[in-house]
>>> print(open('input38.txt').read())   # compact mmCIF, C-alpha atoms
# COMPACT_ATOMS: atom_id res chain seq x y z
CA MET A 26 -1.93 16.73 31.12
CA ASP A 27 -1.55 20.36 32.14
CA MET A 28 2.01 20.57 33.45
CA ARG A 29 1.40 23.95 35.05
CA ARG A 30 -1.05 22.37 37.50
CA SER A 31 1.60 19.97 38.77
CA THR A 32 2.94 22.49 41.29
CA PRO A 33 1.00 22.69 44.56
CA CYS A 34 -1.38 25.44 45.41
CA SER A 35 -0.33 27.81 48.17
CA ARG A 36 -2.50 26.28 50.90
CA CYS A 37 -1.02 22.83 50.25
CA ARG A 38 2.63 23.82 49.78
CA GLN A 39 3.63 22.78 53.30
CA ARG A 40 2.00 19.38 52.86
CA PHE A 41 3.88 18.91 49.58
CA MET A 42 7.20 19.87 51.09
CA ALA A 43 6.70 17.49 53.99
CA LYS A 44 5.99 14.50 51.76
CA SER A 45 8.54 15.31 49.05
CA VAL A 46 11.42 14.11 51.20
CA THR A 47 9.93 10.60 51.21
CA LYS A 48 11.58 8.71 48.36
CA GLY A 49 9.10 7.71 45.68
CA ALA A 50 6.07 9.28 47.39
CA ASP A 51 3.07 10.18 45.26
CA VAL A 52 1.94 13.70 46.13
CA GLU A 53 -1.29 15.29 45.02
CA CYS A 54 -2.96 18.55 45.80
CA PRO A 55 -6.70 18.36 46.61
CA SER A 56 -7.33 21.47 44.52
CA CYS A 57 -5.42 20.08 41.54
CA LYS A 58 -6.50 16.45 41.64
CA PRO A 59 -6.38 14.44 39.40
CA ASN A 60 -3.88 16.52 37.40
CA TYR A 61 -0.71 15.76 39.29
CA LEU A 62 2.64 14.11 38.69
CA PRO A 63 4.09 11.37 40.89
CA ILE A 64 7.30 12.33 42.60
CA PRO A 65 9.81 9.88 41.10
CA ALA A 66 12.13 7.79 43.24
CA ASP A 67 15.70 8.68 42.35
CA GLU A 68 18.57 6.66 43.75
CA GLN A 69 21.12 9.38 43.03
CA TYR A 70 19.68 11.80 45.60
CA SER A 71 20.16 11.21 49.34
CA SER A 72 17.54 12.22 51.87
CA SER A 73 19.59 15.24 52.90
CA GLN A 74 19.96 16.34 49.27
CA GLN A 75 16.24 15.98 48.73
CA GLN A 76 15.57 18.18 51.75
CA HIS A 77 18.09 20.72 50.49
CA TYR A 78 16.81 21.00 46.95
CA GLY A 79 13.15 20.50 47.78
CA LEU A 80 10.23 19.73 45.52
CA ARG A 81 10.93 22.43 42.93
CA SER A 82 14.39 21.07 42.13
CA ARG A 83 13.19 17.49 41.92
CA MET A 84 10.35 18.43 39.58
CA ARG A 85 12.78 20.30 37.31
CA CYS A 86 14.91 17.14 37.19
CA PHE A 87 11.85 15.04 36.39
CA TYR A 88 10.78 17.39 33.56
CA SER A 89 14.28 17.31 32.06
CA GLN A 90 14.18 13.51 32.06
CA ILE A 91 10.85 13.59 30.25
CA ARG A 92 12.15 16.03 27.65
CA GLY A 93 15.23 13.89 27.09
CA LYS A 94 13.14 10.79 26.45
CA VAL A 95 10.87 12.65 24.05
CA HIS A 96 13.87 14.03 22.17
CA GLN A 97 15.41 10.57 21.86
CA SER A 98 12.17 9.06 20.60
CA THR A 99 11.87 11.57 17.73
CA VAL A 100 15.12 10.50 16.05
CA THR A 101 14.07 9.08 12.67
CA PRO A 102 15.81 5.82 11.72
CA SER A 103 17.37 5.69 8.27
CA LEU A 104 15.42 4.03 5.46
CA ASN A 105 18.72 3.10 3.79
CA PRO A 106 21.11 0.25 4.57
CA ASP A 107 24.71 0.86 5.51
CA PRO A 108 26.00 3.05 2.63
CA SER A 109 28.90 0.67 2.03
CA ALA A 110 26.40 -2.10 1.39
CA PHE A 111 25.37 -0.60 -1.94
CA ASN A 112 28.83 -1.32 -3.29
CA SER A 113 29.53 -4.63 -1.53
CA MET A 114 26.30 -6.53 -2.21
CA LYS A 115 25.58 -8.58 -5.29
CA ARG A 116 23.32 -6.99 -7.87
CA SER A 117 19.56 -7.38 -7.80
CA SER A 118 17.13 -7.58 -10.72
CA LYS A 119 14.84 -5.22 -8.78
CA ARG A 120 16.14 -1.79 -7.80
CA ALA A 121 14.47 1.49 -6.88
CA VAL A 122 15.22 5.12 -6.09
CA LEU A 123 12.62 6.85 -3.92
CA CYS A 124 12.88 10.62 -3.50
CA GLY A 125 10.66 12.68 -1.17
CA ILE A 126 11.42 16.34 -0.58
CA THR A 127 9.85 18.40 2.20
CA TYR A 128 11.79 21.68 1.62
CA ASN A 129 12.27 22.32 5.33
CA ASN A 130 14.30 25.46 4.63
CA TRP A 131 11.64 26.84 2.28
CA LYS A 132 8.92 27.26 4.90
CA GLN A 133 6.48 29.16 2.73
CA TYR A 134 6.12 26.21 0.36
CA ARG A 135 6.98 23.32 2.69
CA LEU A 136 5.33 20.00 1.81
CA LYS A 137 3.92 17.76 4.52
CA GLY A 138 3.07 14.54 2.69
CA THR A 139 6.23 13.64 0.79
CA ILE A 140 7.90 11.61 3.55
CA ASN A 141 4.69 9.62 4.01
CA ASP A 142 4.65 9.01 0.25
CA VAL A 143 8.18 7.60 0.29
CA ARG A 144 7.44 5.30 3.21
CA ASN A 145 4.24 4.14 1.55
CA MET A 146 6.02 3.34 -1.72
CA ARG A 147 8.90 1.60 0.03
CA ASP A 148 6.49 -0.66 1.94
CA LEU A 149 4.60 -1.38 -1.28
CA LEU A 150 7.73 -2.39 -3.20
CA ILE A 151 9.06 -4.61 -0.41
CA ASN A 152 5.84 -6.27 0.73
CA ASN A 153 3.91 -6.53 -2.54
CA PHE A 154 6.52 -6.69 -5.28
CA GLY A 155 9.45 -8.40 -3.62
CA TYR A 156 12.03 -5.62 -3.83
CA PRO A 157 14.98 -6.19 -1.48
CA GLY A 158 15.21 -3.35 1.02
CA HIS A 159 18.98 -3.17 0.46
CA PHE A 160 18.38 -2.24 -3.18
CA ILE A 161 15.97 0.61 -2.51
CA ARG A 162 17.83 3.90 -2.24
CA VAL A 163 15.86 6.55 -0.34
CA LEU A 164 16.56 10.28 -0.56
CA THR A 165 14.88 12.52 2.03
CA GLU A 166 15.86 15.38 4.30
CA GLU A 167 15.44 13.06 7.29
CA GLU A 168 18.50 11.02 6.34
CA ALA A 169 21.59 11.68 8.46
CA ASP A 170 24.06 10.58 5.77
CA PRO A 171 24.67 13.56 3.43
CA ARG A 172 24.79 11.18 0.45
CA PHE A 173 21.08 10.53 0.88
CA ILE A 174 19.93 14.16 1.09
CA PRO A 175 17.90 14.94 -2.09
CA THR A 176 20.27 17.48 -3.61
CA ARG A 177 20.55 17.72 -7.37
CA ARG A 178 23.89 15.91 -7.37
CA ASN A 179 22.64 13.09 -5.13
CA ILE A 180 19.48 12.60 -7.20
CA GLU A 181 21.46 12.42 -10.43
CA ASP A 182 24.04 10.04 -8.89
CA SER A 183 21.24 7.80 -7.58
CA LEU A 184 19.56 7.67 -10.99
CA LYS A 185 22.85 6.66 -12.58
CA TRP A 186 23.15 3.91 -9.96
CA LEU A 187 19.59 2.79 -10.75
CA VAL A 188 20.21 2.06 -14.44
CA SER A 189 23.87 1.03 -14.25
CA ASP A 190 24.63 -2.58 -15.19
CA SER A 191 21.00 -3.18 -16.18
CA ARG A 192 20.29 -6.54 -17.77
CA GLN A 193 17.44 -8.37 -19.41
CA GLY A 194 14.67 -9.05 -16.90
CA ASP A 195 15.51 -6.12 -14.61
CA SER A 196 12.67 -4.04 -13.12
CA LEU A 197 13.55 -0.51 -12.05
CA VAL A 198 11.47 2.10 -10.22
CA PHE A 199 12.02 5.83 -9.85
CA PHE A 200 9.58 7.49 -7.46
CA TYR A 201 9.50 11.24 -6.83
CA SER A 202 7.29 13.26 -4.50
CA GLY A 203 8.03 16.97 -4.32
CA HIS A 204 7.65 20.23 -6.17
CA GLY A 205 7.52 20.36 -9.95
CA LEU A 206 7.69 23.44 -12.15
CA ARG A 207 7.86 24.50 -15.79
CA GLN A 208 10.33 26.62 -17.66
CA PRO A 209 10.56 27.88 -21.25
CA ASP A 210 11.86 25.35 -23.77
CA PHE A 211 14.62 26.72 -25.96
CA ASN A 212 15.38 23.48 -27.83
CA ASN A 213 12.09 23.08 -29.72
CA ASP A 214 11.53 19.79 -27.89
CA GLU A 215 8.07 20.59 -26.54
CA ASP A 216 4.79 21.15 -28.38
CA ASP A 217 3.59 23.50 -25.65
CA GLY A 218 6.88 25.43 -25.46
CA PHE A 219 7.70 24.42 -21.86
CA ASP A 220 10.06 21.94 -20.25
CA GLU A 221 8.79 20.15 -17.15
CA THR A 222 11.09 19.98 -14.11
CA ILE A 223 11.52 18.49 -10.67
CA CYS A 224 12.98 20.57 -7.85
CA PRO A 225 15.84 19.16 -5.74
CA VAL A 226 16.13 20.50 -2.21
CA ASP A 227 18.94 22.81 -3.39
CA PHE A 228 17.33 23.84 -6.68
CA GLN A 229 17.66 27.55 -5.90
CA GLU A 230 21.45 27.14 -5.95
CA ALA A 231 22.05 24.06 -8.15
CA GLY A 232 19.10 24.43 -10.51
CA MET A 233 16.16 22.20 -11.40
CA ILE A 234 16.36 18.83 -13.15
CA VAL A 235 14.50 19.19 -16.45
CA ASP A 236 12.71 16.49 -18.41
CA ASN A 237 15.53 16.40 -20.97
CA ASP A 238 17.98 15.49 -18.18
CA LEU A 239 15.74 12.75 -16.79
CA ASN A 240 15.32 11.27 -20.27
CA THR A 241 19.09 11.19 -20.72
CA LEU A 242 19.72 9.72 -17.26
CA ILE A 243 17.17 6.91 -17.02
CA VAL A 244 15.37 6.45 -20.37
CA ARG A 245 17.98 6.36 -23.09
CA PRO A 246 20.30 3.86 -21.30
CA LEU A 247 17.57 1.15 -21.09
CA THR A 248 18.55 -1.97 -23.03
CA PRO A 249 16.27 -4.80 -24.31
CA GLY A 250 14.42 -6.65 -21.54
CA VAL A 251 14.80 -3.85 -18.97
CA THR A 252 11.63 -2.13 -17.70
CA LEU A 253 11.58 1.21 -15.89
CA HIS A 254 8.54 2.64 -14.10
CA ALA A 255 8.70 6.30 -13.09
CA ILE A 256 5.99 7.43 -10.66
CA VAL A 257 6.08 11.20 -10.26
CA ASP A 258 3.74 12.88 -7.77
CA ALA A 259 4.42 16.54 -8.52
CA CYS A 260 2.87 19.54 -10.22
CA HIS A 261 3.37 19.75 -14.01
CA SER A 262 4.62 16.16 -14.11
CA GLY A 263 2.68 14.96 -17.17
CA THR A 264 5.49 14.40 -19.68
CA ILE A 265 8.33 14.56 -17.16
CA LEU A 266 10.36 11.85 -18.94
CA ASP A 267 9.76 13.18 -22.46
CA LEU A 268 8.49 9.81 -23.65
CA PRO A 269 7.26 9.65 -27.26
CA LYS A 270 3.85 8.05 -26.54
CA VAL A 271 1.12 9.50 -24.33
CA TYR A 272 -2.13 7.71 -23.47
CA THR A 273 -5.26 9.83 -23.18
CA SER A 274 -7.76 8.30 -20.76
CA GLU A 275 -10.73 10.23 -22.14
CA GLU A 276 -10.19 9.19 -25.76
CA LYS A 277 -8.64 5.87 -24.73
CA LYS A 278 -5.89 5.97 -27.29
CA TRP A 279 -2.18 6.66 -27.64
CA VAL A 280 -1.03 9.92 -29.21
CA ASN A 281 2.37 10.88 -30.52
CA SER A 282 4.44 13.13 -28.25
CA SER A 283 7.75 13.05 -30.09
CA PRO A 284 9.73 16.30 -29.92
CA PRO A 285 9.21 18.69 -32.88
CA SER A 286 12.99 19.07 -33.13
CA GLY A 287 13.40 15.37 -33.86
CA ALA A 288 15.71 14.95 -30.86
CA GLU A 289 16.34 11.34 -29.86
CA LYS A 290 14.26 10.43 -26.80
CA ARG A 291 13.91 6.66 -27.19
CA THR A 292 15.46 3.83 -25.21
CA LYS A 293 18.08 1.40 -26.49
CA GLY A 294 15.41 -1.29 -26.67
CA GLY A 295 14.09 -1.29 -23.11
CA LEU A 296 10.67 -0.12 -21.95
CA ALA A 297 10.09 3.10 -20.00
CA ILE A 298 6.67 3.82 -18.50
CA SER A 299 5.74 6.98 -16.62
CA ILE A 300 2.78 7.44 -14.28
CA SER A 301 2.39 11.15 -13.55
CA ALA A 302 0.12 12.86 -11.04
CA CYS A 303 -1.30 15.41 -13.48
CA LEU A 304 -1.08 16.99 -16.91
CA ASP A 305 1.73 19.38 -17.80
CA HIS A 306 -0.36 22.48 -17.08
CA GLN A 307 -1.93 21.21 -13.84
CA ALA A 308 -1.01 21.18 -10.15
CA ALA A 309 -1.01 18.05 -7.99
CA ALA A 310 -2.70 17.74 -4.61
CA ASP A 311 -1.47 16.88 -1.14
CA THR A 312 -4.42 15.86 1.00
CA SER A 313 -5.47 14.39 4.34
CA ALA A 314 -8.72 13.11 2.86
CA PHE A 315 -7.63 9.47 3.03
CA THR A 316 -6.03 9.33 6.49
CA ALA A 317 -7.24 11.68 9.19
CA GLY A 318 -4.59 14.24 10.04
CA LYS A 319 -1.92 12.60 7.86
CA MET A 320 -0.91 14.22 4.58
CA ASN A 321 -0.26 12.21 1.44
CA GLY A 322 0.15 12.89 -2.25
CA ALA A 323 -3.23 12.03 -3.76
CA LEU A 324 -1.78 9.98 -6.62
CA THR A 325 0.68 8.08 -4.42
CA TYR A 326 -1.89 7.09 -1.83
CA ILE A 327 -4.53 5.97 -4.34
CA LEU A 328 -2.00 4.09 -6.49
CA ALA A 329 -0.53 2.24 -3.51
CA GLU A 330 -3.94 1.29 -2.12
CA ILE A 331 -5.10 -0.08 -5.47
CA LEU A 332 -1.95 -2.15 -5.97
CA LYS A 333 -2.18 -3.54 -2.42
CA LYS A 334 -5.82 -4.60 -2.84
CA LEU A 335 -5.75 -5.48 -6.55
CA PRO A 336 -2.33 -6.93 -7.44
CA GLY A 337 -1.39 -6.79 -11.11
CA PRO A 338 -4.22 -4.72 -12.62
CA THR A 339 -4.07 -3.75 -16.24
CA TYR A 340 -2.84 -0.20 -16.86
CA GLY A 341 -6.26 0.70 -18.23
CA ASP A 342 -8.08 -0.60 -15.15
CA LEU A 343 -5.56 1.11 -12.88
CA PHE A 344 -6.08 4.53 -14.45
CA ASP A 345 -9.85 4.08 -14.50
CA LEU A 346 -9.79 3.39 -10.76
CA ILE A 347 -7.41 6.30 -10.04
CA ASN A 348 -9.55 8.75 -12.00
CA GLU A 349 -12.77 7.48 -10.40
CA THR A 350 -11.32 7.86 -6.91
CA LEU A 351 -9.96 11.35 -7.60
CA ASN A 352 -13.30 12.45 -9.00
CA ASN A 353 -15.14 11.17 -5.92
CA VAL A 354 -12.73 12.90 -3.55
CA ASN A 355 -12.78 16.11 -5.55
CA GLN A 356 -16.58 16.21 -5.50
CA SER A 357 -16.53 15.85 -1.72
CA SER A 358 -14.23 18.91 -1.53
CA CYS A 359 -11.57 16.97 0.36
CA LEU A 360 -8.64 18.13 -1.75
CA ALA A 361 -8.31 21.30 0.27
CA ASN A 362 -4.58 21.09 0.94
CA THR A 363 -2.45 21.25 -2.17
CA ARG A 364 0.97 22.13 -3.42
CA PHE A 365 1.63 25.82 -3.73
CA LEU A 366 0.74 26.24 -7.42
CA ARG A 367 -2.85 25.24 -6.56
CA ARG A 368 -3.40 28.89 -5.65
CA LEU A 369 -3.18 29.78 -9.34
CA PHE A 370 -6.31 27.74 -10.04
CA ASN A 371 -9.90 28.13 -8.94
CA SER A 372 -11.66 26.03 -6.32
CA SER A 373 -12.98 23.56 -8.91
CA PHE A 374 -9.44 22.51 -9.79
CA SER A 375 -8.82 18.80 -10.32
CA GLN A 376 -5.83 16.77 -11.50
CA THR A 377 -5.75 14.26 -14.32
CA PRO A 378 -3.07 11.56 -14.00
CA LEU A 379 -1.19 10.75 -17.18
CA LEU A 380 0.32 7.56 -18.59
CA SER A 381 3.21 7.82 -21.06
CA SER A 382 5.56 5.24 -22.53
CA SER A 383 8.50 4.68 -24.82
CA ALA A 384 6.30 2.31 -26.86
CA GLU A 385 2.58 1.70 -27.35
CA PHE A 386 0.84 -1.29 -25.78
CA ASP A 387 -2.73 -2.46 -25.14
CA VAL A 388 -3.51 -0.87 -21.79
CA TYR A 389 -6.39 -3.29 -21.09
CA LYS A 390 -4.28 -6.37 -21.74
CA LYS A 391 -0.90 -5.46 -20.30
CA HIS A 392 -0.71 -5.87 -16.52
CA LEU A 393 1.30 -3.65 -14.20
CA PHE A 394 4.00 -5.41 -12.21
CA LEU A 395 6.60 -3.09 -10.74
>>> encode(input="input38.txt", output="structure tokens")
Amino acid sequence: MDMRRSTPCSRCRQRFMAKSVTKGADVECPSCKPNYLPIPADEQYSSSQQQHYGLRSRMRCFYSQIRGKVHQSTVTPSLNPDPSAFNSMKRSSKRAVLCGITYNNWKQYRLKGTINDVRNMRDLLINNFGYPGHFIRVLTEEEADPRFIPTRRNIEDSLKWLVSDSRQGDSLVFFYSGHGLRQPDFNNDEDDGFDETICPVDFQEAGMIVDNDLNTLIVRPLTPGVTLHAIVDACHSGTILDLPKVYTSEEKKWVNSSPPSGAEKRTKGGLAISISACLDHQAAADTSAFTAGKMNGALTYILAEILKKLPGPTYGDLFDLINETLNNVNQSSCLANTRFLRRLFNSSFSQTPLLSSSAEFDVYKKHLFL
């Protein structure tokens, strides 16, 4: 509706003014019909006040009411329970940390699909894998509680919460959707000479979280019988957990990815599995190819859709389906909207998701259950 056409034309102004004093009257201008607004009945104005203020004042009041309702409706409800509940509730064998960063204060490289990714993953864990909502900690910039803003400190604290008091039979999930970068490796831990990183919302002040840190936080503490899945939808996320085994989909075999320095990167007997959006040297795509006008991380959307429609696929089947879908979308030139490092690549750019693990397993026999 064109709000500017809601005021009467000059030749009908007197007619409008005459009818506007009638409480609740619908007034329309012949030259503007059907683009008009009903004059709302308002109990707080007397007839004399209506005559005094006239149509213009009443319309301003009506517009302000509309704006107030729109403003109230845009308040985003929290995806977290009462913060005190995390400490008061009994433990659960299924826990998750979901982190989606938009970078609202970094407008040049702002991401549009990360919040959708977090909501998608949260729904998947609750509805398809039985995760209690009270044991899913969500970090986004939409959260009002400062403890759930995805700063470096809050991310690290949440990851410590994720693995604390882990016991045999526990299933843990760390999901991240946001920017990823690389930086030179000075510890001789990487074959390619670069550490992979994720970027908290305050990374320009507090620094990035490097793969070495993530390995220390959520891989090394894992005890026997505990399984961690990390799903990282970010650029350069291939070996983001520094796990010693990497599965190559093309050759269909595991290869050794242990650090040249011999640094300890293994668990304490648990199993860590990472599903990354792309190889270490690649960028990852945000796209609206799957839902018209709605941005999503390509990996997150495809992964969630497969797991909703095909519960418990083998890891091999899962990656075959992900790669097939990405190839089809890429050939149709739908991956037009990407994270900012996409600009460093040519138009034929594509991403190759990567599976890595703390231990080898038969990818066509082992089924994925988060």
>>> atom_distance(input="input38.txt", atom1="atom CA of A:Ala255", atom2="atom CA of A:Ala169")
25.7 Å
>>> closest_atom_pairs(input="input38.txt", of="stretch 190-220 of chain A", to="stretch 125-140 of chain A", cutoff="7 Å", atoms="only C-alpha atoms", output="JSON lines")
{"residue": "A:Tyr201", "atom": "CA", "partner": "A:Gly125", "partner_atom": "CA", "distance": 6.0}
{"residue": "A:Ser202", "atom": "CA", "partner": "A:Gly125", "partner_atom": "CA", "distance": 4.8}
{"residue": "A:Gly203", "atom": "CA", "partner": "A:Ile126", "partner_atom": "CA", "distance": 5.1}
>>> write_last_selection(input="input38.txt", atoms="C-alpha atoms", output="PDB file, in the coordinates of the input")
ATOM      1  CA  TYR A 201       9.500  11.240  -6.830  1.00  0.00           C
ATOM      2  CA  SER A 202       7.290  13.260  -4.500  1.00  0.00           C
ATOM      3  CA  GLY A 203       8.030  16.970  -4.320  1.00  0.00           C
TER       4      GLY A 203
END
>>> closest_residue(input="input38.txt", among="A:Asn145, A:Ser103, A:Thr339, A:Thr350", to="A:Phe386", atoms="all atoms listed in the file")
A:Thr339
>>> closest_atom_pairs(input="input38.txt", of="stretch 158-259 of chain A", to="stretch 319-338 of chain A", cutoff="9 Å", atoms="all atoms listed in the file", output="Markdown table")
| residue | atom | partner | partner_atom | distance |
| --- | --- | --- | --- | --- |
| A:Ser202 | CA | A:Gly322 | CA | 7.5 |
| A:Ile256 | CA | A:Thr325 | CA | 8.2 |
| A:Val257 | CA | A:Thr325 | CA | 8.5 |
| A:Asp258 | CA | A:Leu324 | CA | 6.3 |
| A:Ala259 | CA | A:Gly322 | CA | 8.4 |
>>> atom_distance(input="input38.txt", atom1="atom CA of A:Arg120", atom2="atom CA of A:Glu289")
25.7 Å
>>> closest_residue(input="input38.txt", among="A:Asn213, A:Leu104, A:Ile180, A:Ile300", to="A:Phe160", atoms="only C-alpha atoms")
A:Leu104
>>> atom_distance(input="input38.txt", atom1="atom CA of A:Ala384", atom2="atom CA of A:His261")
21.9 Å
>>> residues_near_point(input="input38.txt", point="(11.4, 17.7, -27.9)", cutoff="9 Å", atoms="all atoms listed in the file", output="list in words")
Asp210, Asn212, Asn213, Asp214, Glu215, Asp216, Asp220, Asn237, Asp267, Ser282, Ser283, Pro284, Pro285, Ser286, Gly287, Ala288, Glu289 and Lys290 of chain A
>>> closest_residue(input="input38.txt", among="A:Lys119, A:His159, A:Lys390, A:Arg291", to="A:Thr241", atoms="all atoms listed in the file")
A:Arg291
>>> residues_around(input="input38.txt", residues="A:Tyr156", least_positions_apart="2", cutoff="9 Å", atoms="all atoms listed in the file", output="MDAnalysis selection string")
chainID A and resid 117:121 147 149:154 158:161
>>> write_last_selection(input="input38.txt", atoms="C-alpha atoms", output="short mmCIF file (atom, residue, chain, number, x, y, z; two decimals), in the frame of the given file")
data_model
loop_
_atom_site.label_atom_id
_atom_site.label_comp_id
_atom_site.auth_asym_id
_atom_site.auth_seq_id
_atom_site.Cartn_x
_atom_site.Cartn_y
_atom_site.Cartn_z
CA SER A 117 19.56 -7.38 -7.80
CA SER A 118 17.13 -7.58 -10.72
CA LYS A 119 14.84 -5.22 -8.78
CA ARG A 120 16.14 -1.79 -7.80
CA ALA A 121 14.47 1.49 -6.88
CA ARG A 147 8.90 1.60 0.03
CA LEU A 149 4.60 -1.38 -1.28
CA LEU A 150 7.73 -2.39 -3.20
CA ILE A 151 9.06 -4.61 -0.41
CA ASN A 152 5.84 -6.27 0.73
CA ASN A 153 3.91 -6.53 -2.54
CA PHE A 154 6.52 -6.69 -5.28
CA GLY A 158 15.21 -3.35 1.02
CA HIS A 159 18.98 -3.17 0.46
CA PHE A 160 18.38 -2.24 -3.18
CA ILE A 161 15.97 0.61 -2.51
#
>>> residues_near_point(input="input38.txt", point="(14.9, 5.2, 7.5)", cutoff="12 Å", atoms="only C-alpha atoms", output="list in words")
Val100, Thr101, Pro102, Ser103, Leu104, Asn105, Pro106, Asp107, Leu123, Ile140, Asn141, Val143, Arg144, Arg147, Asp148, Gly158, His159, Ile161, Arg162, Val163, Leu164, Thr165, Glu166, Glu167, Glu168, Ala169, Asp170 and Phe173 of chain A
>>> closest_residue(input="input38.txt", among="A:Leu206, A:Cys124, A:Val388, A:Ile243", to="A:His306", atoms="all atoms listed in the file")
A:Leu206
>>> closest_residue(input="input38.txt", among="A:Asp387, A:Asp311, A:Asp342, A:Asp190", to="A:Val251", atoms="all atoms listed in the file")
A:Asp190
>>> closest_residue(input="input38.txt", among="A:Pro209, A:Gly263, A:Gly295, A:Gly232", to="A:Ala308", atoms="all atoms listed in the file")
A:Gly263
>>> build_atoms(input="input38.txt", residues="stretch 257-270 of chain A", atoms="N, CA and C atoms", output="JSON list (two decimals), in the coordinates of the input")
[["chain", "number", "residue", "atom", "x", "y", "z"],
["A", 257, "VAL", "N", 5.71, 9.84, -10.63],
["A", 257, "VAL", "CA", 6.08, 11.20, -10.26],
["A", 257, "VAL", "C", 4.86, 11.93, -9.74],
["A", 258, "ASP", "N", 4.86, 12.19, -8.43],
["A", 258, "ASP", "CA", 3.74, 12.88, -7.77],
["A", 258, "ASP", "C", 4.15, 14.33, -7.54],
["A", 259, "ALA", "N", 3.99, 15.15, -8.57],
["A", 259, "ALA", "CA", 4.42, 16.54, -8.52],
["A", 259, "ALA", "C", 3.58, 17.36, -9.49],
["A", 260, "CYS", "N", 3.54, 18.65, -9.28],
["A", 260, "CYS", "CA", 2.87, 19.54, -10.22],
["A", 260, "CYS", "C", 3.59, 19.49, -11.57],
["A", 261, "HIS", "N", 2.83, 19.65, -12.64],
["A", 261, "HIS", "CA", 3.37, 19.75, -14.01],
["A", 261, "HIS", "C", 4.19, 18.53, -14.41],
["A", 262, "SER", "N", 3.80, 17.36, -13.91],
["A", 262, "SER", "CA", 4.62, 16.16, -14.11],
["A", 262, "SER", "C", 4.22, 15.32, -15.32],
["A", 263, "GLY", "N", 3.24, 15.78, -16.10],
["A", 263, "GLY", "CA", 2.68, 14.96, -17.17],
["A", 263, "GLY", "C", 3.69, 14.24, -18.04],
["A", 264, "THR", "N", 4.51, 14.99, -18.76],
["A", 264, "THR", "CA", 5.49, 14.40, -19.68],
["A", 264, "THR", "C", 6.90, 14.57, -19.14],
["A", 265, "ILE", "N", 7.08, 14.27, -17.86],
["A", 265, "ILE", "CA", 8.33, 14.56, -17.16],
["A", 265, "ILE", "C", 9.51, 13.75, -17.68],
["A", 266, "LEU", "N", 9.26, 12.63, -18.37],
["A", 266, "LEU", "CA", 10.36, 11.85, -18.94],
["A", 266, "LEU", "C", 10.53, 12.07, -20.44],
["A", 267, "ASP", "N", 9.70, 12.92, -21.02],
["A", 267, "ASP", "CA", 9.76, 13.18, -22.46],
["A", 267, "ASP", "C", 9.63, 11.91, -23.29],
["A", 268, "LEU", "N", 8.70, 11.04, -22.91],
["A", 268, "LEU", "CA", 8.49, 9.81, -23.65],
["A", 268, "LEU", "C", 7.65, 10.08, -24.90],
["A", 269, "PRO", "N", 7.89, 9.32, -25.96],
["A", 269, "PRO", "CA", 7.26, 9.65, -27.26],
["A", 269, "PRO", "C", 5.78, 9.29, -27.37],
["A", 270, "LYS", "N", 5.25, 8.46, -26.46],
["A", 270, "LYS", "CA", 3.85, 8.05, -26.54],
["A", 270, "LYS", "C", 3.10, 8.45, -25.27]]
